[in-house]
>>> print(open('structure03.txt').read())   # compact mmCIF, C-alpha atoms
# COMPACT_ATOMS: atom_id res chain seq x y z
CA MET S 463 -24.15 14.62 29.44
CA THR S 464 -24.69 11.18 27.90
CA VAL S 465 -21.62 9.92 26.10
CA PHE S 466 -22.16 8.07 22.84
CA HIS S 467 -20.25 4.78 22.74
CA GLY S 468 -20.09 3.37 19.24
CA ASP S 469 -17.97 0.73 17.65
CA THR S 470 -14.41 1.42 16.54
CA ILE S 471 -13.98 3.20 13.22
CA ALA S 472 -10.90 3.96 11.12
CA ALA S 473 -10.25 6.01 8.01
CA VAL S 474 -7.65 8.03 6.20
CA ALA S 475 -7.98 11.57 7.58
CA SER S 476 -5.81 13.32 5.01
CA PRO S 477 -6.60 14.20 1.37
CA PRO S 478 -6.30 11.39 -1.17
CA GLY S 479 -3.28 11.04 -3.41
CA ARG S 480 0.47 11.12 -2.97
CA SER S 481 1.85 13.44 -0.29
CA PRO S 482 4.82 13.66 2.07
CA ARG S 483 2.65 12.46 4.98
CA ALA S 484 -0.77 10.92 5.51
CA ILE S 485 -2.92 10.49 8.60
CA ILE S 486 -4.99 7.48 9.58
CA ARG S 487 -7.45 8.06 12.43
CA VAL S 488 -8.89 5.31 14.65
CA SER S 489 -11.63 6.19 17.16
CA GLY S 490 -13.66 4.07 19.54
CA PRO S 491 -13.35 1.53 22.32
CA ASP S 492 -10.79 -0.63 20.46
CA ALA S 493 -8.37 2.23 19.65
CA ARG S 494 -6.22 1.17 22.60
CA ALA S 495 -6.08 -2.41 21.26
CA VAL S 496 -5.07 -1.14 17.81
CA ALA S 497 -2.28 0.92 19.40
CA ALA S 498 -1.07 -2.09 21.40
CA ASP S 499 -1.48 -4.78 18.72
CA LEU S 500 -0.20 -2.99 15.60
CA CYS S 501 2.19 -0.42 17.06
CA ALA S 502 3.30 -2.03 20.34
CA ILE S 503 2.28 1.09 22.28
CA PRO S 504 2.02 -0.15 25.88
CA GLY S 505 -0.02 2.58 27.59
CA PHE S 506 -2.63 4.93 26.28
CA THR S 507 -1.94 8.38 27.64
CA ARG S 508 -2.06 11.65 25.74
CA ALA S 509 1.21 11.40 23.85
CA VAL S 510 3.07 11.82 20.59
CA LEU S 511 5.61 9.07 20.12
CA PRO S 512 7.50 7.22 17.43
CA ALA S 513 6.22 3.73 16.75
CA VAL S 514 6.57 0.95 14.22
CA LEU S 515 3.48 -0.32 12.46
CA GLY S 516 3.80 -3.99 11.56
CA LEU S 517 2.33 -4.42 8.08
CA PRO S 518 1.69 -7.95 6.84
CA ALA S 519 4.05 -8.69 3.95
CA ALA S 520 2.28 -8.46 0.59
CA CYS S 521 4.13 -11.48 -0.78
CA PRO S 522 5.68 -13.46 2.08
CA ILE S 523 9.10 -14.83 1.16
CA GLU S 524 10.71 -17.63 3.11
CA GLY S 525 13.45 -16.31 5.34
CA LEU S 526 12.05 -12.76 5.48
CA PRO S 527 9.82 -11.45 8.28
CA ALA S 528 6.07 -11.97 7.86
CA HIS S 529 5.52 -8.35 8.90
CA LEU S 530 7.24 -5.36 7.37
CA PRO S 531 8.10 -2.60 9.84
CA LEU S 532 6.76 0.85 8.89
CA PRO S 533 7.98 3.74 11.07
CA VAL S 534 5.09 6.02 12.07
CA LEU S 535 4.41 8.83 14.48
CA ALA S 536 1.56 7.84 16.82
CA LEU S 537 -0.68 10.38 18.54
CA THR S 538 -2.82 8.95 21.33
CA PHE S 539 -5.80 10.78 22.81
CA PRO S 540 -7.64 9.05 25.68
CA ALA S 541 -11.35 9.75 26.08
CA PRO S 542 -12.88 12.26 26.64
CA ASN S 543 -9.97 14.48 25.55
CA SER S 544 -10.09 13.81 21.83
CA PHE S 545 -11.91 15.30 18.86
CA THR S 546 -14.61 12.61 19.01
CA GLY S 547 -14.70 12.30 22.80
CA GLU S 548 -13.63 8.66 22.45
CA ASP S 549 -10.23 6.97 22.69
CA THR S 550 -8.46 8.05 19.50
CA LEU S 551 -5.26 6.99 17.78
CA GLU S 552 -3.81 8.94 14.87
CA LEU S 553 -0.95 7.55 12.82
CA LEU S 554 1.24 9.87 10.77
CA LEU S 555 2.95 7.85 8.04
CA PRO S 556 4.55 8.32 4.62
CA GLY S 557 1.94 9.51 2.14
CA ASN S 558 2.47 6.81 -0.48
CA PRO S 559 -1.11 5.76 -1.37
CA HIS S 560 -0.13 2.08 -1.51
CA LEU S 561 1.41 2.18 1.98
CA VAL S 562 -1.56 4.12 3.36
CA ARG S 563 -4.00 1.58 1.92
CA ARG S 564 -2.00 -1.35 3.34
CA ALA S 565 -1.80 0.30 6.76
CA LEU S 566 -5.55 0.98 6.76
CA ASP S 567 -6.25 -2.60 5.63
CA ALA S 568 -4.11 -3.92 8.51
CA ILE S 569 -6.12 -1.81 10.97
CA LEU S 570 -9.46 -2.85 9.46
CA ALA S 571 -8.43 -6.52 9.68
CA LEU S 572 -8.45 -6.29 13.47
CA PRO S 573 -11.63 -7.53 15.19
CA GLY S 574 -14.14 -4.82 16.01
CA VAL S 575 -12.73 -2.16 13.65
CA ARG S 576 -14.61 -0.99 10.57
CA LEU S 577 -14.20 1.68 7.91
CA ALA S 578 -15.69 5.04 8.94
CA GLU S 579 -18.45 6.56 6.84
CA PRO S 580 -17.91 10.10 5.50
CA GLY S 581 -18.52 12.59 8.32
CA GLU S 582 -18.68 9.92 11.02
CA PHE S 583 -15.84 11.35 13.13
CA SER S 584 -17.64 14.72 13.22
CA ALA S 585 -20.95 13.00 13.96
CA ARG S 586 -19.39 11.26 16.97
CA ALA S 587 -17.90 14.55 18.14
CA TYR S 588 -21.39 16.10 17.95
CA LEU S 589 -23.06 13.15 19.71
CA ASN S 590 -20.46 13.34 22.49
CA GLY S 591 -20.95 17.09 22.96
CA ARG S 592 -17.55 18.01 21.54
CA LEU S 593 -19.05 20.02 18.62
CA THR S 594 -22.22 21.99 18.06
CA LEU S 595 -24.39 21.14 15.09
CA GLU S 596 -23.22 24.36 13.37
CA GLN S 597 -19.56 23.41 13.89
CA ALA S 598 -20.16 19.92 12.49
CA GLU S 599 -21.88 21.44 9.46
CA GLY S 600 -19.01 23.92 9.12
CA ILE S 601 -16.51 21.05 8.95
CA ALA S 602 -18.53 19.39 6.17
CA GLN S 603 -18.72 22.68 4.27
CA ARG S 604 -15.01 23.35 4.77
CA ILE S 605 -14.16 19.95 3.27
CA ALA S 606 -16.48 20.56 0.31
CA ALA S 607 -15.45 24.22 -0.28
CA GLU S 608 -14.14 24.98 -3.75
CA THR S 609 -13.86 28.77 -3.54
CA ALA S 610 -12.58 31.32 -1.04
CA ASP S 611 -16.16 32.53 -0.42
CA GLN S 612 -17.34 29.00 0.37
CA LEU S 613 -14.40 28.55 2.73
CA ALA S 614 -15.21 31.86 4.46
CA ALA S 615 -18.85 30.77 4.89
CA ALA S 616 -17.71 27.46 6.40
CA ASP S 617 -15.39 29.32 8.78
CA ALA S 618 -18.29 31.58 9.85
CA LEU S 619 -20.31 28.47 10.71
CA MET S 620 -17.45 26.95 12.67
CA ASP S 621 -16.55 30.03 14.72
CA GLY S 622 -20.17 30.87 15.56
CA SER S 623 -20.29 34.28 13.87
CA HIS S 624 -22.93 33.07 11.39
CA ALA S 625 -25.14 31.81 14.25
CA ALA S 626 -24.73 35.10 16.14
CA ARG S 627 -25.79 37.06 13.04
CA LEU S 628 -28.82 34.81 12.57
CA ARG S 629 -29.77 35.13 16.26
CA ALA S 630 -29.77 38.93 15.90
CA HIS S 631 -32.13 38.65 12.90
CA ALA S 632 -34.36 36.17 14.75
CA ASP S 633 -34.59 38.55 17.73
CA ALA S 634 -35.53 41.44 15.44
CA LEU S 635 -38.21 39.31 13.73
CA THR S 636 -39.58 38.20 17.10
CA THR S 637 -39.88 41.85 18.19
CA CYS S 638 -41.65 42.76 14.93
CA LEU S 639 -44.02 39.82 15.30
CA ALA S 640 -44.84 40.83 18.88
CA LEU S 641 -45.60 44.41 17.72
CA VAL S 642 -47.84 43.15 14.90
CA GLU S 643 -49.73 40.81 17.26
CA ALA S 644 -50.15 43.62 19.79
CA GLY S 645 -51.47 45.86 17.01
CA VAL S 646 -53.98 43.19 15.93
CA ASP S 647 -55.11 42.56 19.53
CA PHE S 648 -55.68 46.23 20.26
CA SER S 649 -56.86 47.37 16.80
CA ASP S 650 -60.46 47.88 17.97
CA GLN S 651 -59.50 50.44 20.65
>>> encode(input="structure03.txt", output="structure tokens")
Amino acid sequence: MTVFHGDTIAAVASPPGRSPRAIIRVSGPDARAVAADLCAIPGFTRAVLPAVLGLPAACPIEGLPAHLPLPVLALTFPAPNSFTGEDTLELLLPGNPHLVRRALDAILALPGVRLAEPGEFSARAYLNGRLTLEQAEGIAQRIAAETADQLAAADALMDGSHAARLRAHADALTTCLALVEAGVDFSDQ
């Protein structure tokens, strides 16, 4: 299997707005550098550990530190054992939208890290063989679902039951088509 190696992307991976906790996900070759530079995480093994994210002070004041410490919970997933198949860092932090934005801005200010496009984490998981196309589509539909029926349809895509049902119909249609073609071929006899 060919592994897709893209640049490093980061985004908020939790719903927008105020909440008790928020998640920022970083995936790509520079995820280890983000963990080391911003959180002082020395190694990059599969782990869940407390860390301190150093946020640049919004308004530096003489005599106070230039970086404000923000306690976070860091989850590190070395490649290929992550959702995307790449080195991945997830930061669990207080869900204050202002803090989340500042933390994401600090990550995006690092060289080689850019803001992820919508669906890009799932696209990387698909390109790295971690998801099927149906599962990736199911994730998109689950995010966009507004009703229980839409959520159930997204779940059917993700667990493969929808594909199995469609395969059964495709097999039945193939059999019917073969019978029709055989009837046409031997209609003169």
>>> residues_around(input="structure03.txt", residues="S:Arg564", least_positions_apart="4", cutoff="8 Å", atoms="only C-alpha atoms", output="ChimeraX atom specification")
/S:517,560,568
>>> atom_distance(input="structure03.txt", atom1="atom CA of S:Pro512", atom2="atom CA of S:Ile485")
14.0 Å
>>> atom_distance(input="structure03.txt", atom1="atom CA of S:Leu535", atom2="atom CA of S:Gly600")
28.4 Å
>>> residues_around(input="structure03.txt", residues="S:Ala498", least_positions_apart="3", cutoff="12 Å", atoms="all atoms listed in the file", output="mmCIF file with C-alpha atoms, keeping the file's coordinate frame")
data_model
loop_
_atom_site.group_PDB
_atom_site.id
_atom_site.type_symbol
_atom_site.label_atom_id
_atom_site.label_comp_id
_atom_site.auth_asym_id
_atom_site.auth_seq_id
_atom_site.Cartn_x
_atom_site.Cartn_y
_atom_site.Cartn_z
ATOM 1 C CA ASP S 492 -10.790 -0.630 20.460
ATOM 2 C CA ALA S 493 -8.370 2.230 19.650
ATOM 3 C CA ARG S 494 -6.220 1.170 22.600
ATOM 4 C CA ALA S 495 -6.080 -2.410 21.260
ATOM 5 C CA CYS S 501 2.190 -0.420 17.060
ATOM 6 C CA ALA S 502 3.300 -2.030 20.340
ATOM 7 C CA ILE S 503 2.280 1.090 22.280
ATOM 8 C CA PRO S 504 2.020 -0.150 25.880
ATOM 9 C CA GLY S 505 -0.020 2.580 27.590
ATOM 10 C CA PHE S 506 -2.630 4.930 26.280
ATOM 11 C CA ALA S 513 6.220 3.730 16.750
ATOM 12 C CA VAL S 514 6.570 0.950 14.220
ATOM 13 C CA LEU S 515 3.480 -0.320 12.460
ATOM 14 C CA GLY S 516 3.800 -3.990 11.560
ATOM 15 C CA ALA S 536 1.560 7.840 16.820
ATOM 16 C CA THR S 538 -2.820 8.950 21.330
ATOM 17 C CA LEU S 551 -5.260 6.990 17.780
ATOM 18 C CA ILE S 569 -6.120 -1.810 10.970
ATOM 19 C CA LEU S 572 -8.450 -6.290 13.470
#
>>> atom_distance(input="structure03.txt", atom1="atom CA of S:Ala472", atom2="atom CA of S:Tyr588")
17.4 Å
>>> residues_around(input="structure03.txt", residues="S:Gln597", least_positions_apart="4", cutoff="10 Å", atoms="all atoms listed in the file", output="number ranges by chain")
S: 584, 587-588, 592-593, 601-603, 616-622
>>> closest_residue(input="structure03.txt", among="S:Pro491, S:Ala565, S:Leu500, S:Leu530", to="S:Pro542", atoms="only C-alpha atoms")
S:Pro491
>>> residues_around(input="structure03.txt", residues="stretch 574-578 of chain S", least_positions_apart="2", cutoff="10 Å", atoms="all atoms listed in the file", output="PDB file with C-alpha atoms, keeping the file's coordinate frame")
ATOM      1  CA  ASP S 469     -17.970   0.730  17.650  1.00  0.00           C
ATOM      2  CA  THR S 470     -14.410   1.420  16.540  1.00  0.00           C
ATOM      3  CA  ILE S 471     -13.980   3.200  13.220  1.00  0.00           C
ATOM      4  CA  ALA S 472     -10.900   3.960  11.120  1.00  0.00           C
ATOM      5  CA  ALA S 473     -10.250   6.010   8.010  1.00  0.00           C
ATOM      6  CA  VAL S 474      -7.650   8.030   6.200  1.00  0.00           C
ATOM      7  CA  ARG S 487      -7.450   8.060  12.430  1.00  0.00           C
ATOM      8  CA  VAL S 488      -8.890   5.310  14.650  1.00  0.00           C
ATOM      9  CA  SER S 489     -11.630   6.190  17.160  1.00  0.00           C
ATOM     10  CA  GLY S 490     -13.660   4.070  19.540  1.00  0.00           C
ATOM     11  CA  PRO S 491     -13.350   1.530  22.320  1.00  0.00           C
ATOM     12  CA  ASP S 492     -10.790  -0.630  20.460  1.00  0.00           C
ATOM     13  CA  ALA S 493      -8.370   2.230  19.650  1.00  0.00           C
ATOM     14  CA  ALA S 495      -6.080  -2.410  21.260  1.00  0.00           C
ATOM     15  CA  VAL S 496      -5.070  -1.140  17.810  1.00  0.00           C
ATOM     16  CA  LEU S 566      -5.550   0.980   6.760  1.00  0.00           C
ATOM     17  CA  ASP S 567      -6.250  -2.600   5.630  1.00  0.00           C
ATOM     18  CA  ILE S 569      -6.120  -1.810  10.970  1.00  0.00           C
ATOM     19  CA  LEU S 570      -9.460  -2.850   9.460  1.00  0.00           C
ATOM     20  CA  ALA S 571      -8.430  -6.520   9.680  1.00  0.00           C
ATOM     21  CA  LEU S 572      -8.450  -6.290  13.470  1.00  0.00           C
ATOM     22  CA  PRO S 580     -17.910  10.100   5.500  1.00  0.00           C
ATOM     23  CA  GLY S 581     -18.520  12.590   8.320  1.00  0.00           C
ATOM     24  CA  GLU S 582     -18.680   9.920  11.020  1.00  0.00           C
ATOM     25  CA  PHE S 583     -15.840  11.350  13.130  1.00  0.00           C
TER      26      PHE S 583
END
>>> closest_residue(input="structure03.txt", among="S:Arg508, S:Leu561, S:Gly547, S:Cys638", to="S:Pro531", atoms="all atoms listed in the file")
S:Leu561
>>> closest_residue(input="structure03.txt", among="S:Asn558, S:Asn590, S:Thr636, S:Thr550", to="S:Ala497", atoms="all atoms listed in the file")
S:Thr550
>>> closest_residue(input="structure03.txt", among="S:Val642, S:Pro573, S:Arg604, S:Thr637", to="S:Asp499", atoms="all atoms listed in the file")
S:Pro573
